[in-house]
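K.L.:
Data file model_35.tsv (TSV, C-alpha atoms) is appended below.
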chain	number	residue	atom	x	y	z
O	1	MET	CA	55.44	-25.14	1.95
O	2	SER	CA	57.90	-22.39	2.72
O	3	LEU	CA	58.76	-22.22	-0.95
O	4	LEU	CA	55.12	-21.66	-1.93
O	5	ARG	CA	54.57	-19.03	0.69
O	6	GLY	CA	57.66	-17.19	-0.29
O	7	ARG	CA	56.64	-17.02	-3.89
O	8	GLY	CA	53.13	-15.92	-3.02
O	9	HIS	CA	54.45	-13.22	-0.80
O	10	ARG	CA	56.66	-11.84	-3.49
O	11	HIS	CA	53.71	-11.51	-5.82
O	12	ARG	CA	51.30	-10.22	-3.25
O	13	GLU	CA	53.18	-7.29	-1.85
O	14	VAL	CA	52.14	-5.13	-4.84
O	15	VAL	CA	48.36	-5.66	-4.72
O	16	GLU	CA	47.45	-3.95	-1.44
O	17	LEU	CA	44.42	-1.80	-2.37
O	18	ASN	CA	43.49	0.95	0.02
O	19	ILE	CA	39.74	0.62	0.26
O	20	THR	CA	39.19	2.63	3.42
O	21	ALA	CA	37.58	5.57	1.66
O	22	PHE	CA	35.28	3.27	-0.28
O	23	MET	CA	34.35	1.46	2.91
O	24	ASN	CA	33.50	4.75	4.60
O	25	LEU	CA	31.24	5.67	1.74
O	26	MET	CA	29.48	2.32	1.87
O	27	VAL	CA	29.03	2.43	5.64
O	28	VAL	CA	27.35	5.83	5.37
O	29	LEU	CA	25.32	5.03	2.27
O	30	VAL	CA	23.87	1.74	3.47
O	31	PRO	CA	22.18	3.05	6.66
O	32	PHE	CA	20.98	6.14	4.81
O	33	LEU	CA	19.31	4.10	2.08
O	34	LEU	CA	17.94	1.60	4.59
O	35	ILE	CA	16.20	4.43	6.46
O	36	THR	CA	14.72	6.01	3.34
O	37	ALA	CA	13.70	2.72	1.73
O	38	VAL	CA	9.95	2.17	1.30
O	39	PHE	CA	9.00	-1.31	2.33
O	40	SER	CA	5.22	-0.99	2.47
O	41	GLN	CA	3.76	0.28	-0.77
O	42	VAL	CA	0.73	2.50	-0.49
O	43	ALA	CA	-1.80	2.31	-3.30
O	44	ILE	CA	-5.13	4.05	-3.77
O	45	LEU	CA	-8.67	3.07	-4.65
O	46	ASP	CA	-10.57	5.60	-6.69
O	47	LEU	CA	-14.09	6.55	-5.80
O	48	ASN	CA	-16.27	8.83	-7.86
O	49	LEU	CA	-18.96	10.35	-5.78
O	50	PRO	CA	-21.64	12.42	-7.48
O	51	THR	CA	-21.36	16.10	-6.65
O	52	ASP	CA	-24.47	18.17	-6.03
O	53	GLY	CA	-24.83	19.07	-9.70
O	54	ASP	CA	-25.38	15.78	-11.45
O	55	ALA	CA	-27.31	13.84	-8.83
O	56	SER	CA	-30.59	12.05	-9.53
O	57	ALA	CA	-30.66	12.89	-13.23
O	58	GLU	CA	-30.96	9.22	-14.25
O	59	PRO	CA	-34.01	8.18	-16.22
O	60	ASP	CA	-35.99	5.45	-14.52
O	61	GLU	CA	-35.60	2.81	-17.21
O	62	PRO	CA	-35.84	-0.77	-16.03
O	63	GLU	CA	-32.09	-1.17	-16.36
O	64	PHE	CA	-30.04	-3.67	-14.43
O	65	HIS	CA	-28.25	-1.97	-11.57
O	66	LEU	CA	-26.09	-4.12	-9.34
O	67	GLU	CA	-26.30	-3.47	-5.64
O	68	ILE	CA	-24.15	-5.22	-3.06
O	69	THR	CA	-25.36	-4.69	0.48
O	70	VAL	CA	-22.91	-5.49	3.27
O	71	ARG	CA	-24.64	-6.23	6.56
O	72	GLU	CA	-23.36	-7.38	9.93
O	73	SER	CA	-24.03	-11.04	9.27
O	74	ARG	CA	-24.36	-11.39	5.50
O	75	ILE	CA	-23.82	-9.89	2.07
O	76	ASP	CA	-26.85	-9.36	-0.18
O	77	VAL	CA	-26.42	-9.09	-3.92
O	78	GLY	CA	-29.35	-7.59	-5.75
O	79	ASP	CA	-30.70	-5.56	-8.61
O	80	ARG	CA	-32.14	-2.17	-7.81
O	81	GLY	CA	-35.17	-2.79	-10.00
O	82	THR	CA	-36.09	-6.39	-9.37
O	83	GLY	CA	-34.75	-6.99	-5.91
O	84	LEU	CA	-32.61	-9.56	-4.23
O	85	LEU	CA	-30.58	-11.99	-6.33
O	86	THR	CA	-28.69	-13.91	-3.68
O	87	VAL	CA	-27.74	-13.84	-0.03
O	88	ILE	CA	-24.27	-14.84	1.11
O	89	GLU	CA	-24.33	-15.68	4.81
O	90	ASN	CA	-21.22	-15.25	6.91
O	91	SER	CA	-19.31	-18.31	7.99
O	92	SER	CA	-17.59	-18.54	11.34
O	93	GLN	CA	-14.51	-16.93	9.76
O	94	GLY	CA	-16.38	-13.81	8.71
O	95	TYR	CA	-17.55	-12.69	5.30
O	96	GLU	CA	-17.54	-15.25	2.48
O	97	LEU	CA	-15.68	-13.01	0.05
O	98	ASP	CA	-14.59	-15.81	-2.29
O	99	GLU	CA	-18.18	-16.88	-2.75
O	100	LEU	CA	-19.10	-13.26	-3.49
O	101	GLY	CA	-16.37	-13.14	-6.13
O	102	GLU	CA	-17.61	-16.29	-7.82
O	103	TYR	CA	-21.20	-15.07	-7.82
O	104	LEU	CA	-20.20	-11.69	-9.28
O	105	GLU	CA	-18.31	-13.50	-12.02
O	106	ARG	CA	-21.55	-15.21	-13.07
O	107	VAL	CA	-23.32	-11.84	-12.99
O	108	LYS	CA	-20.59	-10.39	-15.18
O	109	GLN	CA	-21.04	-13.20	-17.69
O	110	ARG	CA	-24.72	-12.36	-17.98
O	111	PHE	CA	-24.08	-8.60	-18.26
O	112	PRO	CA	-20.67	-8.26	-19.93
O	113	ASP	CA	-21.03	-4.52	-20.63
O	114	LYS	CA	-21.91	-3.61	-17.09
O	115	ALA	CA	-19.06	-1.80	-15.31
O	116	ASP	CA	-20.68	-0.02	-12.39
O	117	ALA	CA	-21.97	-1.27	-9.08
O	118	THR	CA	-23.26	0.23	-5.89
O	119	LEU	CA	-21.95	-0.80	-2.52
O	120	LEU	CA	-24.37	-0.27	0.36
O	121	LEU	CA	-23.06	-0.59	3.89
O	122	GLU	CA	-24.47	-0.67	7.38
O	123	PRO	CA	-23.04	1.96	9.74
O	124	GLU	CA	-20.91	-0.37	11.84
O	125	ILE	CA	-19.07	-2.08	8.98
O	126	SER	CA	-15.32	-1.56	9.34
O	127	TYR	CA	-13.18	0.17	6.74
O	128	GLN	CA	-11.17	-3.00	6.13
O	129	THR	CA	-14.36	-4.88	5.22
O	130	LEU	CA	-15.35	-2.08	2.84
O	131	VAL	CA	-11.97	-2.27	1.10
O	132	SER	CA	-11.98	-6.08	0.92
O	133	VAL	CA	-15.47	-6.13	-0.61
O	134	MET	CA	-14.45	-3.39	-3.05
O	135	ASP	CA	-11.51	-5.54	-4.13
O	136	LYS	CA	-13.81	-8.46	-4.86
O	137	VAL	CA	-16.26	-6.28	-6.78
O	138	ARG	CA	-13.51	-4.58	-8.81
O	139	VAL	CA	-11.40	-7.46	-10.05
O	140	LEU	CA	-11.46	-11.21	-10.27
O	141	GLU	CA	-8.19	-13.04	-9.92
O	142	ARG	CA	-7.74	-16.37	-11.59
O	143	LEU	CA	-4.79	-18.71	-11.61
O	144	ASP	CA	-3.81	-19.61	-15.13
O	145	ALA	CA	-2.86	-23.27	-14.88
O	146	GLU	CA	-0.59	-23.37	-17.92
O	147	SER	CA	1.67	-20.42	-17.24
O	148	ASN	CA	1.13	-20.57	-13.47
O	149	GLN	CA	0.41	-16.86	-13.38
O	150	VAL	CA	-2.40	-14.92	-11.82
O	151	MET	CA	-4.63	-13.18	-14.34
O	152	SER	CA	-6.81	-10.27	-13.29
O	153	TYR	CA	-10.21	-9.82	-14.88
O	154	GLU	CA	-12.16	-6.65	-14.51
O	155	LEU	CA	-15.61	-7.06	-13.00
O	156	PHE	CA	-17.31	-3.84	-11.87
O	157	PRO	CA	-14.60	-1.22	-11.33
O	158	GLU	CA	-16.87	1.84	-11.12
O	159	ILE	CA	-18.07	1.59	-7.57
O	160	SER	CA	-20.28	4.02	-5.77
O	161	ILE	CA	-20.97	3.83	-2.06
O	162	GLY	CA	-24.11	4.41	-0.08
O	163	ASP	CA	-26.08	3.60	3.05
O	164	ALA	CA	-27.70	0.22	3.39
O	165	PRO	CA	-31.48	0.30	3.79
O	166	LEU	CA	-32.72	-1.07	7.10
O	167	SER	CA	-32.89	-4.83	7.05
O	168	ASN	CA	-36.26	-6.40	7.46
A	1	MET	CA	66.91	-25.35	12.72
A	2	HIS	CA	64.74	-22.85	14.55
A	3	TYR	CA	67.11	-22.59	17.46
A	4	SER	CA	69.42	-20.14	15.66
A	5	GLY	CA	69.18	-16.50	16.70
A	6	GLY	CA	68.23	-14.95	20.01
A	7	ARG	CA	64.92	-14.27	21.69
A	8	ALA	CA	64.61	-10.75	20.25
A	9	ALA	CA	64.99	-12.01	16.72
A	10	ARG	CA	62.33	-14.64	17.34
A	11	MET	CA	59.91	-12.07	18.72
A	12	GLU	CA	60.48	-9.84	15.77
A	13	ARG	CA	59.74	-12.65	13.39
A	14	HIS	CA	56.65	-13.48	15.38
A	15	HIS	CA	55.37	-9.90	15.22
A	16	LYS	CA	56.08	-9.61	11.56
A	17	ARG	CA	54.04	-12.73	10.86
A	18	HIS	CA	51.19	-11.45	12.96
A	19	LYS	CA	51.15	-8.12	11.27
A	20	ARG	CA	50.80	-9.74	7.91
A	21	ASN	CA	47.99	-12.09	8.95
A	22	GLY	CA	46.21	-9.53	11.10
A	23	ALA	CA	44.78	-7.51	8.20
A	24	LEU	CA	41.00	-7.96	8.06
A	25	ASN	CA	39.61	-9.78	5.10
A	26	LEU	CA	36.97	-7.34	3.89
A	27	VAL	CA	36.19	-8.88	0.53
A	28	SER	CA	32.90	-10.56	1.49
A	29	LEU	CA	31.77	-7.52	3.47
A	30	MET	CA	32.47	-5.35	0.46
A	31	ASP	CA	30.49	-7.72	-1.74
A	32	ILE	CA	27.48	-7.53	0.52
A	33	PHE	CA	27.67	-3.76	0.80
A	34	THR	CA	27.97	-3.28	-2.92
A	35	ILE	CA	24.97	-5.49	-3.62
A	36	LEU	CA	22.96	-3.86	-0.82
A	37	VAL	CA	23.72	-0.35	-2.03
A	38	PHE	CA	22.60	-1.10	-5.57
A	39	PHE	CA	19.48	-2.89	-4.36
A	40	LEU	CA	18.52	0.01	-2.11
A	41	LEU	CA	19.31	2.60	-4.78
A	42	VAL	CA	16.99	0.89	-7.24
A	43	ASN	CA	14.35	0.40	-4.57
A	44	SER	CA	14.32	3.99	-3.40
A	45	SER	CA	13.83	5.39	-6.87
A	46	GLU	CA	10.07	5.21	-6.27
A	47	VAL	CA	9.16	8.33	-4.41
A	48	GLN	CA	6.54	8.04	-1.75
A	49	THR	CA	3.91	10.74	-2.13
A	50	LEU	CA	1.81	9.95	0.91
A	51	PRO	CA	3.01	10.76	4.43
A	52	ASN	CA	4.02	7.95	6.72
A	53	ALA	CA	1.10	6.62	8.63
A	54	LYS	CA	2.57	5.78	12.00
A	55	ASP	CA	-0.50	6.06	14.21
A	56	LEU	CA	-2.90	4.28	11.91
A	57	THR	CA	-2.99	0.97	10.08
A	58	LEU	CA	-4.31	1.21	6.57
A	59	PRO	CA	-6.57	-1.54	5.28
A	60	GLU	CA	-4.99	-4.06	2.93
A	61	SER	CA	-6.02	-4.32	-0.67
A	62	ILE	CA	-4.85	-5.78	-3.95
A	63	ALA	CA	-5.17	-2.37	-5.64
A	64	GLU	CA	-2.24	-1.38	-7.83
A	65	GLN	CA	-2.89	2.25	-8.63
A	66	ARG	CA	-0.16	4.62	-7.44
A	67	ALA	CA	-0.94	7.46	-5.09
A	68	ARG	CA	-1.07	10.97	-6.49
A	69	GLU	CA	-0.01	14.20	-4.89
A	70	ASN	CA	-3.04	15.89	-3.38
A	71	VAL	CA	-4.72	16.92	-0.14
A	72	VAL	CA	-4.54	14.16	2.47
A	73	ILE	CA	-7.14	13.60	5.16
A	74	MET	CA	-6.07	11.22	7.91
A	75	VAL	CA	-8.61	9.50	10.12
A	76	THR	CA	-6.92	7.84	13.09
A	77	ASP	CA	-8.88	6.40	15.98
A	78	THR	CA	-8.44	9.58	18.03
A	79	ASP	CA	-8.04	12.50	15.63
A	80	LEU	CA	-8.97	13.88	12.26
A	81	LEU	CA	-6.07	15.48	10.40
A	82	VAL	CA	-5.85	17.52	7.20
A	83	GLN	CA	-2.35	17.72	5.69
A	84	GLY	CA	-0.88	16.61	9.00
A	85	ARG	CA	-2.65	19.18	11.18
A	86	VAL	CA	-5.27	18.10	13.70
A	87	VAL	CA	-8.63	19.69	12.94
A	88	ALA	CA	-10.99	17.74	15.18
A	89	SER	CA	-11.05	14.84	17.57
A	90	ILE	CA	-12.97	11.71	16.65
A	91	ALA	CA	-14.89	11.76	19.95
A	92	ASP	CA	-16.31	15.21	19.14
A	93	VAL	CA	-17.17	14.18	15.61
A	94	VAL	CA	-18.98	11.02	16.72
A	95	ASN	CA	-20.92	12.92	19.37
A	96	SER	CA	-22.36	15.47	16.98
A	97	ASN	CA	-25.16	14.31	14.72
A	98	GLU	CA	-24.66	16.48	11.64
A	99	LEU	CA	-23.66	14.70	8.45
A	100	VAL	CA	-21.07	17.33	7.51
A	101	ILE	CA	-18.18	17.85	9.91
A	102	PRO	CA	-17.80	21.67	10.20
A	103	ALA	CA	-14.15	21.71	11.32
A	104	LEU	CA	-13.10	19.43	8.46
A	105	LYS	CA	-15.05	21.46	5.94
A	106	ALA	CA	-13.43	24.67	7.12
A	107	ALA	CA	-9.98	23.09	6.85
A	108	LEU	CA	-10.69	21.81	3.34
A	109	LEU	CA	-11.99	25.17	2.16
A	110	ASN	CA	-8.92	26.77	3.66
A	111	GLN	CA	-6.78	24.34	1.65
A	112	SER	CA	-8.51	25.17	-1.61
A	113	GLU	CA	-8.17	28.91	-0.96
A	114	ARG	CA	-4.44	28.49	-0.69
A	115	GLU	CA	-4.19	27.15	-4.22
A	116	ILE	CA	-2.34	29.60	-6.41
A	117	ARG	CA	-4.13	28.72	-9.62
A	118	GLN	CA	-7.76	29.76	-9.70
A	119	LEU	CA	-9.88	26.91	-11.01
A	120	SER	CA	-13.02	27.13	-13.03
A	121	ASP	CA	-16.16	25.80	-11.39
A	122	GLU	CA	-16.02	22.55	-13.31
A	123	GLU	CA	-12.42	21.91	-12.41
A	124	ALA	CA	-13.06	22.89	-8.84
A	125	ALA	CA	-15.73	20.24	-8.47
A	126	GLN	CA	-13.18	17.62	-9.56
A	127	ARG	CA	-10.52	18.44	-7.00
A	128	GLU	CA	-8.88	15.42	-5.51
A	129	VAL	CA	-8.45	14.32	-1.95
A	130	THR	CA	-6.91	11.19	-0.48
A	131	ILE	CA	-8.41	9.66	2.62
A	132	MET	CA	-6.10	7.64	4.83
A	133	GLY	CA	-8.27	5.89	7.35
A	134	ASP	CA	-7.51	3.39	10.06
A	135	LYS	CA	-8.85	-0.01	9.09
A	136	GLU	CA	-11.01	-0.21	12.19
A	137	ILE	CA	-13.04	2.97	11.67
A	138	PRO	CA	-16.76	2.30	11.08
A	139	TYR	CA	-18.50	3.13	7.83
A	140	SER	CA	-20.71	5.74	9.53
A	141	LEU	CA	-17.63	7.87	10.28
A	142	LEU	CA	-16.14	7.32	6.83
A	143	LYS	CA	-19.42	8.34	5.24
A	144	ARG	CA	-19.44	11.63	7.12
A	145	VAL	CA	-15.84	12.35	6.09
A	146	MET	CA	-16.73	11.62	2.45
A	147	ALA	CA	-19.89	13.72	2.65
A	148	THR	CA	-17.85	16.62	4.01
A	149	CYS	CA	-15.37	16.26	1.13
A	150	THR	CA	-18.06	16.47	-1.52
A	151	ASP	CA	-19.66	19.33	0.35
A	152	ALA	CA	-16.35	21.20	0.21
A	153	ASP	CA	-16.16	20.56	-3.57
A	154	TYR	CA	-13.63	17.76	-3.46
A	155	GLY	CA	-15.40	15.43	-5.85
A	156	ASN	CA	-12.63	12.94	-6.53
A	157	LEU	CA	-11.99	10.78	-3.51
A	158	SER	CA	-9.27	8.17	-3.29
A	159	LEU	CA	-8.91	5.76	-0.43
A	160	ALA	CA	-5.34	5.00	0.57
A	161	VAL	CA	-4.69	1.30	1.11
A	162	LEU	CA	-1.71	-0.87	1.86
A	163	GLN	CA	-0.75	-2.91	-1.14
A	164	LYS	CA	-0.47	-6.64	-0.60
A	165	SER	CA	-0.34	-9.64	-2.86
A	166	SER	CA	-3.43	-11.75	-2.92
A	167	ALA	CA	-3.30	-15.26	-1.50
A	168	LEU	CA	-3.71	-16.60	-5.02
A	169	LYS	CA	-0.60	-14.79	-6.20
A	170	LEU	CA	1.43	-16.05	-3.27
A	171	SER	CA	0.39	-19.63	-3.87
A	172	ALA	CA	1.29	-19.27	-7.55
A	173	LEU	CA	4.71	-17.99	-6.56
A	174	SER	CA	5.40	-20.75	-4.08
A	175	SER	CA	4.25	-23.55	-6.39
A	176	GLY	CA	6.00	-22.01	-9.38
A	177	GLY	CA	9.31	-21.58	-7.60
What does this structure look like when you write it as structure tokens?
P.N.:
Amino acid sequence: MSLLRGRGHRHREVVELNITAFMNLMVVLVPFLLITAVFSQVAILDLNLPTDGDASAEPDEPEFHLEITVRESRIDVGDRGTGLLTVIENSSQGYELDELGEYLERVKQRFPDKADATLLLEPEISYQTLVSVMDKVRVLERLDAESNQVMSYELFPEISIGDAPLSN
Amino acid sequence: MHYSGGRAARMERHHKRHKRNGALNLVSLMDIFTILVFFLLVNSSEVQTLPNAKDLTLPESIAEQRARENVVIMVTDTDLLVQGRVVASIADVVNSNELVIPALKAALLNQSEREIRQLSDEEAAQREVTIMGDKEIPYSLLKRVMATCTDADYGNLSLAVLQKSSALKLSALSSGG
């Protein structure tokens, strides 16, 4: 035992690195970077509102125009020309957004070229609900079973926003 | 065999041994710091363009588009701010019935006057503004803020949201791992 230690000591007395300066640098750098680090990413949703110039210039062809109306207790999906397509009632947990997504997927299959939709909201709807519904209208997320990855499919990314008509 | 030598010699030996063993072993600490520094350096390369929203909670969304540098309107539950300066209180705004909020419009017009580059009319109508709203604000208030923006010739609105992974993505991660 004493033999081993003695030999080790002889070898070791050369390799004493002075790392104090490096340590100081690290100790300063780590808190600085921790403070400036961004942990919550902020993203944006684009909205294109019509300005005064190009409003109401659309011809009144009988074209399909998707309208999603968010009310206090339900979400109505309809066509501006022909009227209501479906009503999605709230469950006890709130809005049935998954059901809305599935229904919009079927709409997209019938009208593959359609990219715009109108979101109509009642005055008391919260901002979070607006954003959640916009998410569902914009993209559809599907789990690809083979690669186990989530694929995003575009549904109706060009969203305009308006007031909901009074419910009957 | 240890009885040779006096007390002083023994103490000296004792101290010498302690001095050698007393040096801190900093290797693992250094490892952690080195990894942490590189991780944080890589992480902080993305520059945040939007101000920190301390007094409001942004709504969560699966949006992935990055924020751009432009005029920021903040709607907290007490105040309305343009570029960090309070322009009106929410209580006043809710109490008045006009669609356009005059104080906000004045602040926005003031912002566009301060631009150095003079824009043509077409470009001016496409100016951008980012709205950072608390997730609890009602649509009626949001609508009036948006109407004021378009009235002040800010045609391109973006809504700031907090990025989160969808539940589907999380489940894929946990089952895939």
K.L.:
Pull out every residue of chain A sitting within 6 Å of chain O, counting all atoms listed in the file, and send them as a short mmCIF file (atom, residue, chain, number, x, y, z; two decimals) with C-alpha atoms, in the coordinates of the input.
P.N.:
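As written to disk, out-v6.cif reads:
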data_model
loop_
_atom_site.label_atom_id
_atom_site.label_comp_id
_atom_site.auth_asym_id
_atom_site.auth_seq_id
_atom_site.Cartn_x
_atom_site.Cartn_y
_atom_site.Cartn_z
CA VAL A 37 23.72 -0.35 -2.03
CA LEU A 40 18.52 0.01 -2.11
CA SER A 44 14.32 3.99 -3.40
CA PRO A 59 -6.57 -1.54 5.28
CA GLU A 64 -2.24 -1.38 -7.83
CA GLN A 65 -2.89 2.25 -8.63
CA ARG A 66 -0.16 4.62 -7.44
CA ALA A 67 -0.94 7.46 -5.09
CA LYS A 135 -8.85 -0.01 9.09
CA GLU A 136 -11.01 -0.21 12.19
CA ILE A 137 -13.04 2.97 11.67
CA PRO A 138 -16.76 2.30 11.08
CA TYR A 139 -18.50 3.13 7.83
CA SER A 140 -20.71 5.74 9.53
CA ASN A 156 -12.63 12.94 -6.53
CA LEU A 157 -11.99 10.78 -3.51
CA SER A 158 -9.27 8.17 -3.29
CA LEU A 159 -8.91 5.76 -0.43
CA ALA A 160 -5.34 5.00 0.57
CA VAL A 161 -4.69 1.30 1.11
CA LEU A 162 -1.71 -0.87 1.86
CA GLN A 163 -0.75 -2.91 -1.14
CA LYS A 169 -0.60 -14.79 -6.20
#
K.L.:
Which polymer residues, whether protein, DNA or RNA, lie within 7 Å of the coordinate (-21.0, 0.7, -3.6) when you count all atoms listed in the file? List them as a PyMOL selection string, using the chain letters and numbers from the file.
P.N.:
chain O and resi 68+117-120+159-162
K.L.:
Could you pull the residues within 9 Å of Val75 (chain A), counting only C-alpha atoms, minus those fewer than 3 positions along the same chain, as number ranges by chain?
P.N.:
A: 56, 78-82, 90, 131-134, 137, 142, 145
K.L.:
Restrict the selected residues to C-alpha atoms and save them as a tab-separated table (two decimals), in the frame of the given file.
P.N.:
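Full text of again.tsv as output:
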chain	number	residue	atom	x	y	z
A	56	LEU	CA	-2.90	4.28	11.91
A	78	THR	CA	-8.44	9.58	18.03
A	79	ASP	CA	-8.04	12.50	15.63
A	80	LEU	CA	-8.97	13.88	12.26
A	81	LEU	CA	-6.07	15.48	10.40
A	82	VAL	CA	-5.85	17.52	7.20
A	90	ILE	CA	-12.97	11.71	16.65
A	131	ILE	CA	-8.41	9.66	2.62
A	132	MET	CA	-6.10	7.64	4.83
A	133	GLY	CA	-8.27	5.89	7.35
A	134	ASP	CA	-7.51	3.39	10.06
A	137	ILE	CA	-13.04	2.97	11.67
A	142	LEU	CA	-16.14	7.32	6.83
A	145	VAL	CA	-15.84	12.35	6.09
K.L.:
When you look at Asn70 (chain A) with a cut-off of 7 Å (counting all atoms listed in the file), what residues show up, excluding the ones that are within fewer than 3 positions of it in the same chain? I need them as an mmCIF file with C-alpha atoms, in the frame of the given file.
P.N.:
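Now in out_9.cif:
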data_model
loop_
_atom_site.group_PDB
_atom_site.id
_atom_site.type_symbol
_atom_site.label_atom_id
_atom_site.label_comp_id
_atom_site.auth_asym_id
_atom_site.auth_seq_id
_atom_site.Cartn_x
_atom_site.Cartn_y
_atom_site.Cartn_z
ATOM 1 C CA GLU A 128 -8.880 15.420 -5.510
ATOM 2 C CA VAL A 129 -8.450 14.320 -1.950
ATOM 3 C CA THR A 130 -6.910 11.190 -0.480
#
K.L.:
What lies within 12 Å of Glu96 (chain O) using all atoms listed in the file, ignoring chain neighbours under 3 positions off, as a PyMOL selection string?
P.N.:
chain O and resi 70+73-76+87-93+99-103+129+132-133+136
K.L.:
Produce the centre coordinates and the three edge lengths, each in Å to one decimal, of the box along x, y and z that contains all listed atoms of region 100-104 of chain A with 4 Å added on each side, as JSON.
P.N.:
{"center_x": -17.1, "center_y": 19.5, "center_z": 9.4, "size_x": 16.0, "size_y": 12.4, "size_z": 11.8}
